[in-house]
Amino acid sequence: MRVLVVEDAPDMAEAVAIRLRQAGMTCDIAESADAAEDCLAVQRYDVIALDINLPDRSGTELLADLRRRGERVPVLMLTAAFSVETRVSALDLGADDYLVKPFDYRELVARLRALHRREAEVKSEEIAFGPLSFSPAAQEARLDGRALDLTRRELALLALLIRHAGHVMSKERLYEGLYSFAETDVGLNAVELYIARLRKKLAGSGVAIETQRGLGYRLMRDD
């Protein structure tokens with residue numbers, strides 16, 4: 001699950017990012033509406049946590065622009081304003097939920113997960129590829145009906161591969177799906193580590209991850 005946190009207060013943004021990463025989410029931070037647009041231009045997000053008060057323009061203006069362009073990513077508005085009018089306005093513009101500051105980080109994590117589950121249920125039923133299946137709503141992979149014991153990043157990698165089964169995905173594209181912009185100390189070769197781990201867990205199943213030298217990887221039937 002990848003989250004974009006749009007918050008101009010550095011301490012607040014970093015505190016939120018730390019909690020979300022501890023909860024197993026990949027998190028990027030944007031300190032302005034323009035920075036958020038830059039992130040959205042190069043990356044897809046499962047949920048956006050969007051502060052209303054930003055230095056260049058309001059979060060509600062950014063939200064309105066996103067919805068006007070047909071961007072349907074779930075948005076959780078963060079607001080210090082308690083007025084009903086503020087909350088109603090954000091919901092009318094296309095926000096999916098809101099949370100009033102100050103908030104408990106546990107509630108923030110729970111609300112983001114709920115929005116992600118809701119969107120996953122709308123977007124897709126279980127995806128199957130031979131004996132392998134992936135449930136976006138449950139965030140679970142099964143092999144011959146048995147739940148696979150996967151780490152968060154192994155599951156994210158498998159989700160990317162099964163959604164594009166049969167098609168080659170570059171190492172760079174897989175890397176973008178696994179790591180946030182802040183994790184620049186992690187090299188591209190980390191993808192190879194997770195590919196190797198997944199291969200071991202899929203060994204003998206009839207499903208394999210094929211390496212296309214110089215191009216990337218693809219999920220394929222091996223029977």
# chains A, B, ... in the order shown; residues from 1 in each chain; ligands from 1

$ select_by_dssp --residues "stretch 44-200 of chain A" --states "strand (DSSP E or B)" --output "PyMOL selection string"
chain A and resi 47-51+75-79+97-100+127-129+132-135+140-143+146-147+169

$ residues_around --residues "stretch 131-142 of chain A" --least-positions-apart "4" --cutoff "10 Å" --atoms "only C-alpha atoms" --output "PDB file with C-alpha atoms, in the first residue's frame"
ATOM      1  CA  MET A   1       0.000   0.000   0.000  1.00  0.00           C
ATOM      2  CA  ALA A 114     -10.280   1.196   5.257  1.00  0.00           C
ATOM      3  CA  HIS A 116      -7.660   1.175   0.523  1.00  0.00           C
ATOM      4  CA  ARG A 117      -9.799  -1.897   1.201  1.00  0.00           C
ATOM      5  CA  ARG A 118     -12.910  -0.158  -0.081  1.00  0.00           C
ATOM      6  CA  GLU A 119     -11.172   0.889  -3.296  1.00  0.00           C
ATOM      7  CA  ALA A 120      -9.670  -2.572  -3.774  1.00  0.00           C
ATOM      8  CA  GLU A 121     -13.103  -4.170  -3.449  1.00  0.00           C
ATOM      9  CA  VAL A 122     -14.506  -1.786  -6.044  1.00  0.00           C
ATOM     10  CA  LYS A 123     -11.592  -2.132  -8.450  1.00  0.00           C
ATOM     11  CA  SER A 124     -11.052  -5.818  -8.553  1.00  0.00           C
ATOM     12  CA  GLU A 125     -12.157  -9.220  -7.507  1.00  0.00           C
ATOM     13  CA  GLU A 126      -9.569 -11.890  -6.744  1.00  0.00           C
ATOM     14  CA  ILE A 127      -6.930 -12.189  -9.460  1.00  0.00           C
ATOM     15  CA  ARG A 146      -3.090 -22.194   0.874  1.00  0.00           C
ATOM     16  CA  ALA A 147      -2.128 -18.755   2.157  1.00  0.00           C
ATOM     17  CA  LEU A 148       1.440 -17.843   1.264  1.00  0.00           C
ATOM     18  CA  ASP A 149       3.638 -16.532   4.049  1.00  0.00           C
ATOM     19  CA  LEU A 150       4.923 -13.334   2.441  1.00  0.00           C
ATOM     20  CA  ARG A 152       4.901  -6.835   2.971  1.00  0.00           C
ATOM     21  CA  LEU A 155       3.347  -9.368  -1.347  1.00  0.00           C
ATOM     22  CA  ALA A 156       3.601  -5.969  -3.073  1.00  0.00           C
ATOM     23  CA  LEU A 158       3.752 -10.424  -6.291  1.00  0.00           C
ATOM     24  CA  ALA A 159       0.739  -8.110  -6.678  1.00  0.00           C
ATOM     25  CA  ILE A 162       0.246 -11.016 -11.109  1.00  0.00           C
ATOM     26  CA  ARG A 163      -1.609  -7.889 -12.239  1.00  0.00           C
ATOM     27  CA  LEU A 202       6.728 -20.467  -5.741  1.00  0.00           C
ATOM     28  CA  SER A 205       3.979 -24.667  -8.075  1.00  0.00           C
ATOM     29  CA  GLY A 206       3.705 -24.439 -11.854  1.00  0.00           C
ATOM     30  CA  VAL A 207       4.142 -20.648 -11.698  1.00  0.00           C
ATOM     31  CA  ARG A 221       3.162 -20.658 -16.203  1.00  0.00           C
TER      32      ARG A 221
END

$ atom_distance --atom1 "atom CA of A:Arg153" --atom2 "atom CA of A:Met220"
19.9 Å

$ closest_residue --among "A:Val47, A:Ala41, A:Leu4, A:Val191" --to "A:Val16" --atoms "only C-alpha atoms"
A:Leu4

$ select_by_dssp --residues "chain A" --states "alpha helix (DSSP H)" --output "ChimeraX atom specification"
/A:10-22,33-42,59-68,84-92,105-123,152-163,171-178,190-202

$ atom_distance --atom1 "atom CA of A:Ala196" --atom2 "atom CA of A:Ser170"
15.5 Å

$ closest_residue --among "A:Val5, A:Val88, A:Met12, A:Ala203" --to "A:Lys101" --atoms "only C-alpha atoms"
A:Met12

$ closest_residue --among "A:Gly187, A:Arg2, A:Arg218, A:Lys200" --to "A:Leu161" --atoms "only C-alpha atoms"
A:Arg218

$ atom_distance --atom1 "atom CA of A:Arg111" --atom2 "atom CA of A:Leu76"
8.1 Å

$ closest_residue --among "A:Cys27, A:Gly130, A:Asp92, A:Asp34" --to "A:Arg67" --atoms "only C-alpha atoms"
A:Asp92

$ decode --residues "stretch 50-69 of chain A" --atoms "N, CA, C and O atoms" --output "short mmCIF file (atom, residue, chain, number, x, y, z; two decimals), in the first residue's frame"
data_model
loop_
_atom_site.label_atom_id
_atom_site.label_comp_id
_atom_site.auth_asym_id
_atom_site.auth_seq_id
_atom_site.Cartn_x
_atom_site.Cartn_y
_atom_site.Cartn_z
N LEU A 50 -4.38 14.30 2.65
CA LEU A 50 -4.21 15.66 2.14
C LEU A 50 -4.62 16.72 3.16
O LEU A 50 -5.79 16.78 3.57
N ASP A 51 -3.65 17.54 3.56
CA ASP A 51 -3.93 18.65 4.47
C ASP A 51 -4.68 19.75 3.72
O ASP A 51 -4.40 20.01 2.54
N ILE A 52 -5.59 20.41 4.38
CA ILE A 52 -6.35 21.48 3.72
C ILE A 52 -5.50 22.74 3.56
O ILE A 52 -5.54 23.41 2.53
N ASN A 53 -4.70 23.08 4.58
CA ASN A 53 -3.92 24.33 4.54
C ASN A 53 -2.52 24.07 4.00
O ASN A 53 -1.68 23.50 4.69
N LEU A 54 -2.28 24.49 2.76
CA LEU A 54 -0.98 24.32 2.11
C LEU A 54 -0.45 25.70 1.71
O LEU A 54 -1.23 26.64 1.53
N PRO A 55 0.87 25.85 1.54
CA PRO A 55 1.44 27.18 1.30
C PRO A 55 1.14 27.78 -0.07
O PRO A 55 1.08 29.00 -0.20
N ASP A 56 0.96 26.96 -1.10
CA ASP A 56 0.76 27.51 -2.44
C ASP A 56 -0.71 27.60 -2.83
O ASP A 56 -1.15 28.57 -3.45
N ARG A 57 -1.49 26.61 -2.49
CA ARG A 57 -2.94 26.68 -2.67
C ARG A 57 -3.57 25.67 -1.73
O ARG A 57 -2.89 24.81 -1.17
N SER A 58 -4.86 25.75 -1.53
CA SER A 58 -5.49 24.91 -0.52
C SER A 58 -5.58 23.46 -0.99
O SER A 58 -5.60 23.16 -2.20
N GLY A 59 -5.66 22.58 -0.01
CA GLY A 59 -5.83 21.17 -0.32
C GLY A 59 -7.13 20.90 -1.05
O GLY A 59 -7.22 20.00 -1.89
N THR A 60 -8.16 21.69 -0.74
CA THR A 60 -9.44 21.50 -1.42
C THR A 60 -9.34 21.88 -2.90
O THR A 60 -9.98 21.26 -3.75
N GLU A 61 -8.50 22.87 -3.22
CA GLU A 61 -8.28 23.23 -4.62
C GLU A 61 -7.57 22.10 -5.36
O GLU A 61 -7.91 21.77 -6.50
N LEU A 62 -6.57 21.53 -4.71
CA LEU A 62 -5.86 20.39 -5.31
C LEU A 62 -6.82 19.22 -5.51
O LEU A 62 -6.83 18.58 -6.56
N LEU A 63 -7.64 18.95 -4.50
CA LEU A 63 -8.62 17.87 -4.60
C LEU A 63 -9.57 18.11 -5.78
O LEU A 63 -9.84 17.19 -6.57
N ALA A 64 -10.06 19.33 -5.90
CA ALA A 64 -10.98 19.65 -7.00
C ALA A 64 -10.31 19.44 -8.35
O ALA A 64 -10.93 18.92 -9.29
N ASP A 65 -9.04 19.83 -8.46
CA ASP A 65 -8.31 19.64 -9.72
C ASP A 65 -8.15 18.16 -10.04
O ASP A 65 -8.29 17.75 -11.20
N LEU A 66 -7.84 17.35 -9.02
CA LEU A 66 -7.68 15.91 -9.23
C LEU A 66 -8.97 15.28 -9.73
O LEU A 66 -8.98 14.50 -10.69
N ARG A 67 -10.07 15.62 -9.08
CA ARG A 67 -11.36 15.04 -9.48
C ARG A 67 -11.79 15.54 -10.85
O ARG A 67 -12.39 14.80 -11.63
N ARG A 68 -11.47 16.78 -11.17
CA ARG A 68 -11.82 17.35 -12.47
C ARG A 68 -11.10 16.59 -13.59
O ARG A 68 -11.62 16.43 -14.68
N ARG A 69 -9.89 16.10 -13.29
CA ARG A 69 -9.10 15.34 -14.27
C ARG A 69 -9.49 13.87 -14.31
O ARG A 69 -8.93 13.11 -15.07
#
